[in-house]
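Read the structure below first, then the notes.
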Amino acid sequence: MAALDRMASMDDLRRCARRRMPRFAFDFIDGGAEDERNLRGNQTAFQDIELLPRYLVDVSKPSTGLTLWNHSYAAPIGIAPVGFLNMAWPGADMMAARLAAEKRIPYVVGSASSTPLEDLAEAADGMAWFQIYIANDATLTDHLLDRAKAVGCDVLVVTVDVSQPGKRDRDIRNGLQIPFRLTPRIAWDLARNPAWSLQTLRAGPPGFANFSQIDGATAGSTSLQEVQRNLISNTLDWDDLRRLRDRWTGPLVVKGLMHPEDARLAVETGCDAIQVSNHGGRQADYAPPAIAALPGVVAAVGKKAKVFVDGGVRRGGDAIRAKALGADLAFTGRPFAYGAAAGGYAGMRKTYEILSLELTRALGQIGRPNFEDVDETVLARPLNR
């Protein structure tokens with residue numbers, strides 16, 4: 001696709017996605033909480049981290065691979081869970097799974113995916129992790145855990161930063177409800193974007209595929225906020241996390257922690273990794289950028305657990321910045337959604353290709369051809385400890 005060939009960055013893909021999506025759908029994927037200060041801060045905080053170039057080093061054979069829990073991955077950039085990813089473009093869930101299999105990168109299947117986790121895990125061919133919220137009803141949580149384990153999702157990611165649903169002003173202004181409710185404003189938006197609308201009509205609107213087998217899980221819910229209240233516990237505490245740790249036999253990642261003491265307690269509870277995250281700026285608009293919170297978490301857990309980060313990753317070099325600050329892996333979600341909207345599977349592949357190209361070129365510029373050799377000495381300014 002010629003248009004994709006001319007796209008050089010995530011901003012290019014985002015602009016194209018905006019043209020091809022209804023406004024309510026784009027705003028759902030693109031937006032953040034309240035004034036979106038946190039959303040913007042995630043990106044600018046990455047941009048403020050400078051790497052010091054080094055030369056006269058043989059960088060002809062860059063290596064971006066890494067190993068986690070006896071699994072080999074081709075790059076240190078994973079596909080983060082994006083609820084209702086099919087809102088970006090019909091079939092985007094499956095595109096992400098196929099891309100993970102093709103490129104051999106981690107793909108976190110979201111429990112709020114619009115495609116059953118079994119189908120996505122099969123398509124991902126061993127690259128799938130599974131993300132879960134701890135529900136008010138323990139039987140619902142156990143049901144999803146059993147399904148994830150049965151299809152080979154060895155790594156479980158539990159998201160803990162949604163004790164209260166984020167207030168997303170864009171969605172309120174657009175009158176967005178999931179499942180969709182056709183209002184005059186939504187109808188006009190759909191009419192102005194016929195390609196998205198017709199493909200969504202054929203494929204079916206985004207929904208709660210992983211809960212359809214459970215009687216009453218989403219019954220009577222007309223908005224995403226209501227579903228969140230039904231399916232996500234706001235009384236979650238450390239005992240709940242201990243129960244999950246006892247229930248799950250594989251690696252357990254806690255996603256959404258930013259306070260060093262929370263990270264330390266999670267490790268004491270038996271968690272294998274901390275994913276530093278502010279939910280991509282979609283929850284608390286007053287929180288610090290995820291990358292700014294990363295060093296404190298790394299210092300708190302030491303070598304006792306892996307540390308990942310998500311939120312604001314828009315360049316391949318951001319994975320190097322994250323590694324220099326102590327993260328083993330960086331995740332991103334919106335760029336893959338933009339890619340799907342811009343050009344279907346080819347667009348999502350373009351997202352990865354841009355990130356991968358930027359990653360290898362940045363490694364060459366800093367004189368570290370092997371990603372696993374990146375440490376804080378590549379920073380232009382030392383860490384403040």
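Every chain in the structure tokens takes a letter, A first, then B, and so on in the order presented; its residues are numbered from 1, and the ligands are numbered from 1 following the presented order.
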Which residues, written as a PyMOL selection string, have at least one atom at most 10 Å from Pro260 of chain A, with only C-alpha atoms counted and residues fewer than 4 positions away on the same chain left out?
chain A and resi 264-266+276+293-301
Which of segment 163-219 of chain A fall in helix (DSSP H, G or I), as a count of residues only:
27
If you count only C-alpha atoms, which residues fall within 9 Å of segment 247-252 of chain A, apart from same-chain ones fewer than 3 positions away, as a PyMOL selection string?
chain A and resi 69+142+145+149+153-158+242-244+270-274
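Atom to atom, atom CA of Met10 of chain A and atom CA of Val160 of chain A stand 28.0 Å apart.
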Please, which residues of segment 26-254 of chain A, numbered as in this document, come out strand (DSSP E) from DSSP, as a PDB file with C-alpha atoms, in the first residue's frame?
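Ended up saving to selection01.pdb:
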ATOM      1  CA  LEU A  66      15.737 -11.251  24.795  1.00  0.00           C
ATOM      2  CA  THR A  67      14.677 -14.184  26.940  1.00  0.00           C
ATOM      3  CA  LEU A  68      12.016 -14.086  29.667  1.00  0.00           C
ATOM      4  CA  HIS A  71      10.694 -17.864  26.277  1.00  0.00           C
ATOM      5  CA  SER A  72      12.672 -16.183  23.500  1.00  0.00           C
ATOM      6  CA  TYR A  73      11.398 -12.980  21.919  1.00  0.00           C
ATOM      7  CA  ILE A  77       8.677  -4.224  22.492  1.00  0.00           C
ATOM      8  CA  GLY A  78       5.417  -5.986  23.321  1.00  0.00           C
ATOM      9  CA  ILE A  79       1.820  -5.408  22.298  1.00  0.00           C
ATOM     10  CA  TYR A 107       1.187 -10.026  22.901  1.00  0.00           C
ATOM     11  CA  VAL A 108      -1.026  -9.514  25.942  1.00  0.00           C
ATOM     12  CA  VAL A 109      -4.555 -10.695  25.196  1.00  0.00           C
ATOM     13  CA  ALA A 128       0.215 -14.776  23.967  1.00  0.00           C
ATOM     14  CA  TRP A 129       0.044 -13.647  27.577  1.00  0.00           C
ATOM     15  CA  PHE A 130      -3.324 -13.040  29.237  1.00  0.00           C
ATOM     16  CA  GLN A 131      -4.466  -9.893  31.056  1.00  0.00           C
ATOM     17  CA  ILE A 132      -7.164 -10.107  33.713  1.00  0.00           C
ATOM     18  CA  LEU A 156      -0.734 -13.832  33.540  1.00  0.00           C
ATOM     19  CA  VAL A 157      -0.945 -10.032  33.750  1.00  0.00           C
ATOM     20  CA  VAL A 158      -3.290  -8.744  36.458  1.00  0.00           C
ATOM     21  CA  THR A 159      -4.304  -5.099  36.111  1.00  0.00           C
ATOM     22  CA  LEU A 252       2.490 -13.456  37.367  1.00  0.00           C
ATOM     23  CA  VAL A 253       2.848  -9.804  36.318  1.00  0.00           C
ATOM     24  CA  VAL A 254       1.173  -7.002  38.305  1.00  0.00           C
TER      25      VAL A 254
END
Show me a table, sorted first by chain and then by increasing residue number, of the residues of segment 93-135 of chain A having an atom at most 10 Å from segment 320-337 of chain A, each with its shortest atom pair and the distance in Å to one decimal, counting only C-alpha atoms and written as JSON lines.
{"residue": "A:Asp93", "atom": "CA", "partner": "A:Ala337", "partner_atom": "CA", "distance": 9.2}
{"residue": "A:Met95", "atom": "CA", "partner": "A:Phe336", "partner_atom": "CA", "distance": 9.4}
{"residue": "A:Ala96", "atom": "CA", "partner": "A:Phe336", "partner_atom": "CA", "distance": 7.6}
{"residue": "A:Leu99", "atom": "CA", "partner": "A:Phe336", "partner_atom": "CA", "distance": 9.9}
{"residue": "A:Pro106", "atom": "CA", "partner": "A:Phe331", "partner_atom": "CA", "distance": 8.7}
{"residue": "A:Tyr107", "atom": "CA", "partner": "A:Phe331", "partner_atom": "CA", "distance": 9.0}
{"residue": "A:Val108", "atom": "CA", "partner": "A:Phe331", "partner_atom": "CA", "distance": 9.3}
File dump, residues just selected, all heavy atoms, as a short mmCIF file (atom, residue, chain, number, x, y, z; two decimals), in the first residue's frame:
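Written out: out23.cif:
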data_model
loop_
_atom_site.label_atom_id
_atom_site.label_comp_id
_atom_site.auth_asym_id
_atom_site.auth_seq_id
_atom_site.Cartn_x
_atom_site.Cartn_y
_atom_site.Cartn_z
N ASP A 93 -8.06 -7.22 16.82
CA ASP A 93 -7.61 -8.20 17.81
C ASP A 93 -6.81 -9.31 17.14
O ASP A 93 -5.70 -9.66 17.57
CB ASP A 93 -8.81 -8.85 18.52
CG ASP A 93 -9.40 -7.99 19.62
OD1 ASP A 93 -8.70 -7.13 20.15
OD2 ASP A 93 -10.59 -8.21 19.95
N MET A 95 -5.51 -9.32 14.17
CA MET A 95 -4.29 -8.78 13.54
C MET A 95 -3.14 -8.75 14.53
O MET A 95 -2.00 -9.09 14.19
CB MET A 95 -4.55 -7.38 13.00
CG MET A 95 -5.55 -7.28 11.88
SD MET A 95 -5.85 -5.52 11.48
CE MET A 95 -7.43 -5.62 10.64
N ALA A 96 -3.41 -8.31 15.75
CA ALA A 96 -2.35 -8.23 16.77
C ALA A 96 -1.80 -9.61 17.09
O ALA A 96 -0.58 -9.79 17.24
CB ALA A 96 -2.89 -7.56 18.03
N LEU A 99 0.35 -10.73 14.18
CA LEU A 99 1.60 -9.99 14.14
C LEU A 99 2.57 -10.52 15.19
O LEU A 99 3.77 -10.66 14.92
CB LEU A 99 1.34 -8.50 14.36
CG LEU A 99 2.59 -7.61 14.28
CD1 LEU A 99 3.05 -7.47 12.83
CD2 LEU A 99 2.33 -6.24 14.88
N PRO A 106 5.97 -10.45 22.45
CA PRO A 106 4.88 -10.72 23.40
C PRO A 106 3.62 -9.96 23.03
O PRO A 106 3.68 -8.78 22.63
CB PRO A 106 5.44 -10.21 24.74
CG PRO A 106 6.91 -10.09 24.55
CD PRO A 106 7.12 -9.79 23.10
N TYR A 107 2.49 -10.64 23.16
CA TYR A 107 1.19 -10.03 22.90
C TYR A 107 0.29 -10.34 24.09
O TYR A 107 0.05 -11.51 24.39
CB TYR A 107 0.59 -10.58 21.61
CG TYR A 107 -0.90 -10.37 21.45
CD1 TYR A 107 -1.47 -9.11 21.62
CD2 TYR A 107 -1.72 -11.43 21.11
CE1 TYR A 107 -2.84 -8.93 21.46
CE2 TYR A 107 -3.09 -11.26 20.94
CZ TYR A 107 -3.64 -10.01 21.12
OH TYR A 107 -4.99 -9.83 20.98
N VAL A 108 -0.19 -9.31 24.77
CA VAL A 108 -1.03 -9.51 25.94
C VAL A 108 -2.49 -9.46 25.50
O VAL A 108 -3.01 -8.40 25.16
CB VAL A 108 -0.75 -8.46 27.03
CG1 VAL A 108 -1.54 -8.80 28.29
CG2 VAL A 108 0.75 -8.41 27.35
#
May I ask for the distance between atom CA of Ala191 of chain A and atom CA of Ser113 of chain A, given in Å to one decimal place?
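Computing it gives 25.3 Å between the two atoms.
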Hey, which of A:Arg368, A:Arg18, A:Arg104, A:Lys303 ends up closest to Ala124 of chain A? Count only C-alpha atoms.
A:Arg104
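Nearest residue to Lys167 of chain A among A:Trp89, A:Phe211, A:Phe84, A:Phe28 is A:Phe28, counting only C-alpha atoms.
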Give me the residues near segment 41-58 of chain A as an NGL selection string, where near means some atom within 8 Å (using only C-alpha atoms) and where sequence neighbours in that chain fewer than 3 positions away do not count.
:A and (37-38 or 61 or 280-281 or 288-292 or 311-314 or 318 or 321 or 365-367 or 369 or 378-381)
What separation in Å, quoted to one decimal, exists between atom CA of Asp161 of chain A and atom CA of Tyr338 of chain A?
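If I compute the distance from atom CA of Asp161 of chain A to atom CA of Tyr338 of chain A, I get 24.1 Å.
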So which one's closest to Arg173 of chain A, A:Thr64, A:Gly31, A:Ala101, A:Glu376? Using only C-alpha atoms, please.
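Closest candidate: A:Gly31.
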